[in-house]
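Asks: Pasting a structure below so you can have a look.
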Amino acid sequence: MDKRTTEKEAVAELESGMTIGIGGWGSRRKPMSVVREILRSDLRELTVVSYGGPDVGLLCATGRVKRLIYGFVSLDSIPLEPHFRKARQAGGFQASELDEGMLQWGLYAAAQRIPFLPTRAGLGSDVLKINPDLKLVKSPYEDGEELVAMPALELDAAFIHMSRADVRGNGQFLGPDPYFDDLYCMAAKRRFMSCEKIVDTADLSKSGSFHTLKIHRAMIDGVIEAPNGAHFTECPPDYDRDEAFQREYAATAKDPEAWEAFKARYLDLESEAAYQEAVRAR
Amino acid sequence: MSDFTRAEVCAVAVAEAFRGDGEMLASSFGTVPAIGARLAKLTFEPDLLMTDGIASAITNVPPVSGPNGEENIVESWLPFRTIFDLLWSGTRHVMMVASQIDRYANQNFACIGPHEKPKAQLLGMRGAPGNTISHRTSYWVPNHSSRVFVEKVDVVSGVGYDRAAELGERSSRFHCIHRVVSNLGVFDFETPDHRMRLRSLHPGVSLDEVVENTGFDLVIPDEVSESRAPSDEEVRIIREVLDPEGLAAREVS
């Protein structure tokens with residue numbers, strides 16, 4: 001079985017109005033080559049589920065988001081994502097802000113095909129006010145405790161970025177944290193994994209212990225080879241975050257002219273290859 | 001008495017907030033909280049668990065400016081998923097920053113203004129709702145003012161005592177807001193109705209200064225104590241080991 005595909009083909013499966021999940025965390029191991037492909041498409045009105053970083057910032061800045069389901073949006077070394085902030089302060093989309101643990105629970109419930117998972121997180125906070133659809137559930141046991149019933153976050157499509165993968169859809173993270181990427185895949189109808197490098201299945205165990213093989217092929221529909229595809233987020237051990245590029249990106253939130261120039265130089269390009277070329281040419 | 005700075009007094013107050021925690025994960029956000037938590041581990045709370053800020057618990061105690069060339073000694077793997085498990089199980093004391101906090105410890109760092117269309121989007125809810133309802137929480141305020149210590153927070157990210165009480169005894173049984181450390185003093189909620197109380201004033205700070213810069217009525221004890229002065233050894237550890245670059249002074253002047 002060969003599941004190799006491209007950013008273009010994967011994004012062509014999406015439709016405006018869909019719910020998509022984006023793996024990684026903050027400005028770490030984000031499937032940015034896929035995000036850039038979405039920016040080249042005419043997709044609109046997306047519901048985006050993310051432990052947000054520049055994926056969210058870029059989608060917000062280009063008006064693709066109808067609703068965002070998130071616990072935070074951060075660039076890590078720049079704690080507040082300026083493009084996301086700007087869009088929020090303009091009231092540009094529905095902000096379904098949750099406790100970050102609730103987000104995991106929503107994905108996990110969808111992965112298990114159950115309607116909700118109970119959690120204490122959210123009780124007493126304004127998470128319940130911001131999200132009036134959230135309901136409480138009472139323990140059916142003697143304790144009778146009330147908990148938040150975090151509903152399943154069912155995704156139309158999920159995108160994750162791994163360090164290594166084979167053509168069949170087995171994926172490996174070589175960095176410090178798997179984040180919640182497996183849950184995004186299990187919560188989604190269509191599952192796409194980009195990776196730094198496609199290798200033979202037999203070689204996966206050479207680059208890391210079997211504990212790093214977090215993604216198995218029954219979770220994945222398409223594999224995209226995307227070297228430097230997480231740029232400018234980090235993807236250790238292959239590369240660190242491109243802090244200079246991230247600063248440049250962040251600074252454009254304050255200056256419409258700089259943003260137009262940034263878009264023209266890096267985003268309004270015909271392909272990911274052209275983006276990588278523009279990055280190399282800096 | 002030895003010579004010490006306000007930032008060092010704050011770091012010692014943070015360390016004191018972690019006193020008695022034993023074998024818990026001490027999580028801290030901000031420079032002074034990071035120094036204070038590490039100071040506690042190097043002095044009276046050696047069993048505290050601490051992370052490298054990425055995904056490992058480490059036994060060595062690096063300076064807050066980052067690794068000093070010394071390799072970390074990893075004692076366990078703590079990816080975010082394990083941190084969530086750990087916090088829900090209650091084995092953690094977090095010190096978060098408060099952009100706004102009220103008399104019952106309702107805390108906000110999500111946004112300023114209405115949530116639908118905020119004047120200023122800040123961090124978002126992050127883990128504050130789950131943290132505060134699951135385990136011991138303290139707060140750090142580097143700039144004590146009536147814009148931070150407010151009558152009413154714009155958005156409740158961290159749950160305060162009045163809201164916890166409304167949930168009832170069972171749902172709120174793990175809720176505990178332990179201390180608020182600011183650049184002016186230390187505050188707790190050890191009052192009958194859990195209203196914020198002045199626990200101590202930092203050396204050189206007047207009661208009036210705190211009252212003027214607090215947007216609600218604090219509970220003020222009849223005898224106001226002074227925050228503990230750093231010992232010579234604590235000052236040495238802070239300056240030589242934990243913060244040789246003097247980063248704390250950028251947070252608290």
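Here, A, B, ... name the chains of the structure tokens in the order displayed, residue numbers run from 1 inside each chain, and ligands are numbered from 1 in the same displayed order.
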Just list the residues in segment 59-238 of chain B DSSP gives alpha helix (DSSP H) on the backbone, as an mmCIF file with N, CA and C atoms, in the first residue's frame.
Replies:
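So the final result, stored in states-v9.cif, reads:
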data_model
loop_
_atom_site.group_PDB
_atom_site.id
_atom_site.type_symbol
_atom_site.label_atom_id
_atom_site.label_comp_id
_atom_site.auth_asym_id
_atom_site.auth_seq_id
_atom_site.Cartn_x
_atom_site.Cartn_y
_atom_site.Cartn_z
ATOM 1 N N PHE B 80 3.283 16.770 27.404
ATOM 2 C CA PHE B 80 2.083 17.488 27.852
ATOM 3 C C PHE B 80 0.998 16.537 28.341
ATOM 4 N N ARG B 81 0.861 15.391 27.665
ATOM 5 C CA ARG B 81 -0.196 14.471 28.069
ATOM 6 C C ARG B 81 0.017 13.986 29.509
ATOM 7 N N THR B 82 1.260 13.742 29.856
ATOM 8 C CA THR B 82 1.558 13.294 31.218
ATOM 9 C C THR B 82 1.354 14.436 32.216
ATOM 10 N N ILE B 83 1.674 15.658 31.783
ATOM 11 C CA ILE B 83 1.416 16.818 32.649
ATOM 12 C C ILE B 83 -0.083 16.934 32.935
ATOM 13 N N PHE B 84 -0.909 16.758 31.902
ATOM 14 C CA PHE B 84 -2.368 16.824 32.122
ATOM 15 C C PHE B 84 -2.796 15.744 33.113
ATOM 16 N N ASP B 85 -2.302 14.521 32.923
ATOM 17 C CA ASP B 85 -2.654 13.421 33.833
ATOM 18 C C ASP B 85 -2.255 13.769 35.264
ATOM 19 N N LEU B 86 -1.051 14.317 35.358
ATOM 20 C CA LEU B 86 -0.493 14.631 36.669
ATOM 21 C C LEU B 86 -1.292 15.739 37.349
ATOM 22 N N LEU B 87 -1.672 16.740 36.582
ATOM 23 C CA LEU B 87 -2.394 17.859 37.213
ATOM 24 C C LEU B 87 -3.801 17.430 37.617
ATOM 25 N N TRP B 88 -4.440 16.591 36.800
ATOM 26 C CA TRP B 88 -5.778 16.123 37.170
ATOM 27 C C TRP B 88 -5.704 15.227 38.396
ATOM 28 N N SER B 89 -4.564 14.562 38.579
ATOM 29 C CA SER B 89 -4.419 13.701 39.755
ATOM 30 C C SER B 89 -4.042 14.515 40.992
ATOM 31 N N ALA B 128 -5.732 27.290 33.089
ATOM 32 C CA ALA B 128 -6.165 27.863 34.370
ATOM 33 C C ALA B 128 -7.446 27.239 34.924
ATOM 34 N N PRO B 129 -8.488 27.022 34.104
ATOM 35 C CA PRO B 129 -9.703 26.431 34.692
ATOM 36 C C PRO B 129 -9.434 25.052 35.307
ATOM 37 N N GLY B 130 -8.724 24.210 34.581
ATOM 38 C CA GLY B 130 -8.438 22.862 35.079
ATOM 39 C C GLY B 130 -7.474 22.860 36.246
ATOM 40 N N ASN B 131 -6.456 23.718 36.182
ATOM 41 C CA ASN B 131 -5.492 23.788 37.282
ATOM 42 C C ASN B 131 -6.183 24.148 38.593
ATOM 43 N N THR B 132 -6.963 25.233 38.557
ATOM 44 C CA THR B 132 -7.491 25.776 39.808
ATOM 45 C C THR B 132 -8.514 24.857 40.458
ATOM 46 N N ILE B 133 -9.187 24.041 39.654
ATOM 47 C CA ILE B 133 -10.210 23.149 40.215
ATOM 48 C C ILE B 133 -9.600 21.790 40.593
ATOM 49 N N SER B 134 -8.310 21.592 40.223
ATOM 50 C CA SER B 134 -7.692 20.279 40.418
ATOM 51 C C SER B 134 -6.583 20.244 41.462
ATOM 52 N N TYR B 161 -12.593 31.625 45.104
ATOM 53 C CA TYR B 161 -13.282 30.945 46.209
ATOM 54 C C TYR B 161 -14.798 31.099 46.184
ATOM 55 N N ASP B 162 -15.303 32.275 45.748
ATOM 56 C CA ASP B 162 -16.765 32.428 45.727
ATOM 57 C C ASP B 162 -17.381 31.474 44.702
ATOM 58 N N ARG B 163 -16.729 31.363 43.557
ATOM 59 C CA ARG B 163 -17.231 30.458 42.513
ATOM 60 C C ARG B 163 -17.083 28.995 42.948
ATOM 61 N N ALA B 164 -15.971 28.692 43.608
ATOM 62 C CA ALA B 164 -15.765 27.315 44.083
ATOM 63 C C ALA B 164 -16.840 26.949 45.101
ATOM 64 N N ALA B 165 -17.184 27.914 45.963
ATOM 65 C CA ALA B 165 -18.206 27.640 46.984
ATOM 66 C C ALA B 165 -19.549 27.333 46.328
ATOM 67 N N GLU B 166 -19.856 28.057 45.242
ATOM 68 C CA GLU B 166 -21.122 27.809 44.532
ATOM 69 C C GLU B 166 -21.189 26.391 43.953
ATOM 70 N N LEU B 167 -20.035 25.817 43.670
ATOM 71 C CA LEU B 167 -20.008 24.464 43.096
ATOM 72 C C LEU B 167 -20.344 23.398 44.138
ATOM 73 N N LEU B 207 1.941 50.108 54.176
ATOM 74 C CA LEU B 207 0.574 49.605 54.058
ATOM 75 C C LEU B 207 -0.223 50.486 53.098
ATOM 76 N N ASP B 208 -0.021 51.790 53.184
ATOM 77 C CA ASP B 208 -0.749 52.714 52.302
ATOM 78 C C ASP B 208 -0.488 52.409 50.838
ATOM 79 N N GLU B 209 0.768 52.084 50.528
ATOM 80 C CA GLU B 209 1.124 51.812 49.137
ATOM 81 C C GLU B 209 0.328 50.620 48.602
ATOM 82 N N VAL B 210 0.194 49.610 49.432
ATOM 83 C CA VAL B 210 -0.563 48.422 49.013
ATOM 84 C C VAL B 210 -2.046 48.762 48.881
ATOM 85 N N VAL B 211 -2.576 49.453 49.862
ATOM 86 C CA VAL B 211 -4.005 49.788 49.853
ATOM 87 C C VAL B 211 -4.340 50.657 48.634
ATOM 88 N N GLU B 212 -3.496 51.646 48.378
ATOM 89 C CA GLU B 212 -3.734 52.548 47.239
ATOM 90 C C GLU B 212 -3.692 51.821 45.902
ATOM 91 N N ASP B 232 21.670 35.298 53.857
ATOM 92 C CA ASP B 232 22.901 35.479 53.059
ATOM 93 C C ASP B 232 23.066 34.334 52.068
ATOM 94 N N GLU B 233 22.745 33.118 52.533
ATOM 95 C CA GLU B 233 22.894 31.947 51.675
ATOM 96 C C GLU B 233 21.908 31.999 50.506
ATOM 97 N N GLU B 234 20.688 32.431 50.775
ATOM 98 C CA GLU B 234 19.694 32.555 49.698
ATOM 99 C C GLU B 234 20.125 33.604 48.673
ATOM 100 N N VAL B 235 20.629 34.711 49.152
ATOM 101 C CA VAL B 235 21.108 35.758 48.230
ATOM 102 C C VAL B 235 22.237 35.207 47.372
ATOM 103 N N ARG B 236 23.131 34.439 48.008
ATOM 104 C CA ARG B 236 24.246 33.858 47.252
ATOM 105 C C ARG B 236 23.735 32.889 46.175
#
Asks: Residues of chain A within 7 Å of chain B, counting only C-alpha atoms, what are they? List them as a list in words.
Replies: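 The contacting residues on chain A are Gly71, Phe72, Leu80, Arg85, Arg88, Gln89, Ala90, Gly91, Glu97, Leu98, Asp99, Glu100, Gly101, Arg120, Ala121, Gly122, Gly124, Ser125, Asp126, Glu145, Glu146, Pro176, Asp177 and Tyr179 of chain A.
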Asks: I need the chosen residues saved as an mmCIF file, in the first residue's frame, with N, CA and C atoms.
Replies:
data_model
loop_
_atom_site.group_PDB
_atom_site.id
_atom_site.type_symbol
_atom_site.label_atom_id
_atom_site.label_comp_id
_atom_site.auth_asym_id
_atom_site.auth_seq_id
_atom_site.Cartn_x
_atom_site.Cartn_y
_atom_site.Cartn_z
ATOM 1 N N GLY A 71 -7.359 26.307 23.224
ATOM 2 C CA GLY A 71 -7.114 26.671 24.621
ATOM 3 C C GLY A 71 -6.199 27.883 24.721
ATOM 4 N N PHE A 72 -5.373 28.064 23.679
ATOM 5 C CA PHE A 72 -4.438 29.188 23.614
ATOM 6 C C PHE A 72 -3.937 29.268 22.180
ATOM 7 N N LEU A 80 2.433 35.843 22.872
ATOM 8 C CA LEU A 80 1.126 36.156 22.301
ATOM 9 C C LEU A 80 1.239 36.189 20.780
ATOM 10 N N ARG A 85 -4.223 37.683 17.779
ATOM 11 C CA ARG A 85 -4.729 38.749 18.653
ATOM 12 C C ARG A 85 -5.495 39.788 17.854
ATOM 13 N N ARG A 88 -8.798 38.456 16.796
ATOM 14 C CA ARG A 88 -9.696 38.366 17.959
ATOM 15 C C ARG A 88 -10.229 39.743 18.317
ATOM 16 N N GLN A 89 -9.344 40.720 18.327
ATOM 17 C CA GLN A 89 -9.738 42.061 18.754
ATOM 18 C C GLN A 89 -10.648 42.722 17.723
ATOM 19 N N ALA A 90 -10.618 42.217 16.501
ATOM 20 C CA ALA A 90 -11.554 42.696 15.479
ATOM 21 C C ALA A 90 -12.874 41.915 15.543
ATOM 22 N N GLY A 91 -12.940 40.913 16.445
ATOM 23 C CA GLY A 91 -14.147 40.092 16.563
ATOM 24 C C GLY A 91 -14.426 39.296 15.297
ATOM 25 N N GLU A 97 -13.224 29.172 23.220
ATOM 26 C CA GLU A 97 -12.022 29.017 24.030
ATOM 27 C C GLU A 97 -12.290 28.037 25.163
ATOM 28 N N LEU A 98 -11.409 27.074 25.304
ATOM 29 C CA LEU A 98 -11.562 26.018 26.308
ATOM 30 C C LEU A 98 -10.317 25.940 27.171
ATOM 31 N N ASP A 99 -10.418 25.270 28.293
ATOM 32 C CA ASP A 99 -9.235 24.831 29.014
ATOM 33 C C ASP A 99 -8.475 23.874 28.090
ATOM 34 N N GLU A 100 -7.136 23.932 28.105
ATOM 35 C CA GLU A 100 -6.383 23.130 27.128
ATOM 36 C C GLU A 100 -6.544 21.621 27.353
ATOM 37 N N GLY A 101 -6.834 21.218 28.566
ATOM 38 C CA GLY A 101 -7.107 19.802 28.822
ATOM 39 C C GLY A 101 -8.448 19.362 28.250
ATOM 40 N N ARG A 120 -13.449 17.628 35.343
ATOM 41 C CA ARG A 120 -13.646 18.682 36.329
ATOM 42 C C ARG A 120 -13.255 20.041 35.727
ATOM 43 N N ALA A 121 -12.351 20.004 34.735
ATOM 44 C CA ALA A 121 -11.831 21.251 34.143
ATOM 45 C C ALA A 121 -12.957 22.051 33.501
ATOM 46 N N GLY A 122 -13.024 23.311 33.837
ATOM 47 C CA GLY A 122 -14.052 24.199 33.295
ATOM 48 C C GLY A 122 -15.055 24.619 34.345
ATOM 49 N N GLY A 124 -16.853 26.251 37.253
ATOM 50 C CA GLY A 124 -16.620 27.482 38.001
ATOM 51 C C GLY A 124 -15.952 28.579 37.191
ATOM 52 N N SER A 125 -15.414 28.245 36.039
ATOM 53 C CA SER A 125 -14.723 29.264 35.235
ATOM 54 C C SER A 125 -15.659 29.800 34.154
ATOM 55 N N ASP A 126 -15.196 30.823 33.441
ATOM 56 C CA ASP A 126 -16.017 31.393 32.370
ATOM 57 C C ASP A 126 -15.981 30.570 31.084
ATOM 58 N N GLU A 145 -21.523 13.478 41.809
ATOM 59 C CA GLU A 145 -20.720 14.662 41.481
ATOM 60 C C GLU A 145 -21.062 15.212 40.100
ATOM 61 N N GLU A 146 -21.088 16.533 40.004
ATOM 62 C CA GLU A 146 -21.339 17.185 38.718
ATOM 63 C C GLU A 146 -20.018 17.492 38.029
ATOM 64 N N PRO A 176 10.847 15.817 21.469
ATOM 65 C CA PRO A 176 10.594 15.457 22.866
ATOM 66 C C PRO A 176 9.148 15.058 23.183
ATOM 67 N N ASP A 177 8.187 15.482 22.358
ATOM 68 C CA ASP A 177 6.787 15.355 22.778
ATOM 69 C C ASP A 177 5.922 14.950 21.586
ATOM 70 N N TYR A 179 2.865 15.403 21.510
ATOM 71 C CA TYR A 179 1.681 16.269 21.596
ATOM 72 C C TYR A 179 0.423 15.394 21.527
#
Asks: Set the distance at 6 Å and use only C-alpha atoms: which residues neighbour Ala187 of chain A once local chain neighbours fewer than 6 positions away are removed? I'd like the list as a list in words.
Replies: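 The filter keeps Leu107, Ala110, Ala111, Glu154 and Leu155 of chain A.
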Asks: Keeping only C-alpha atoms, write the selected residues as a compact mmCIF listing (two decimals), in the first residue's frame.
Replies:
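For reference, again_26.txt as written:
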# COMPACT_ATOMS: atom_id res chain seq x y z
CA LEU A 107 -10.50 14.81 20.70
CA ALA A 110 -14.28 11.68 19.21
CA ALA A 111 -11.49 9.11 18.87
CA GLU A 154 -15.36 15.32 15.51
CA LEU A 155 -13.11 16.44 12.68
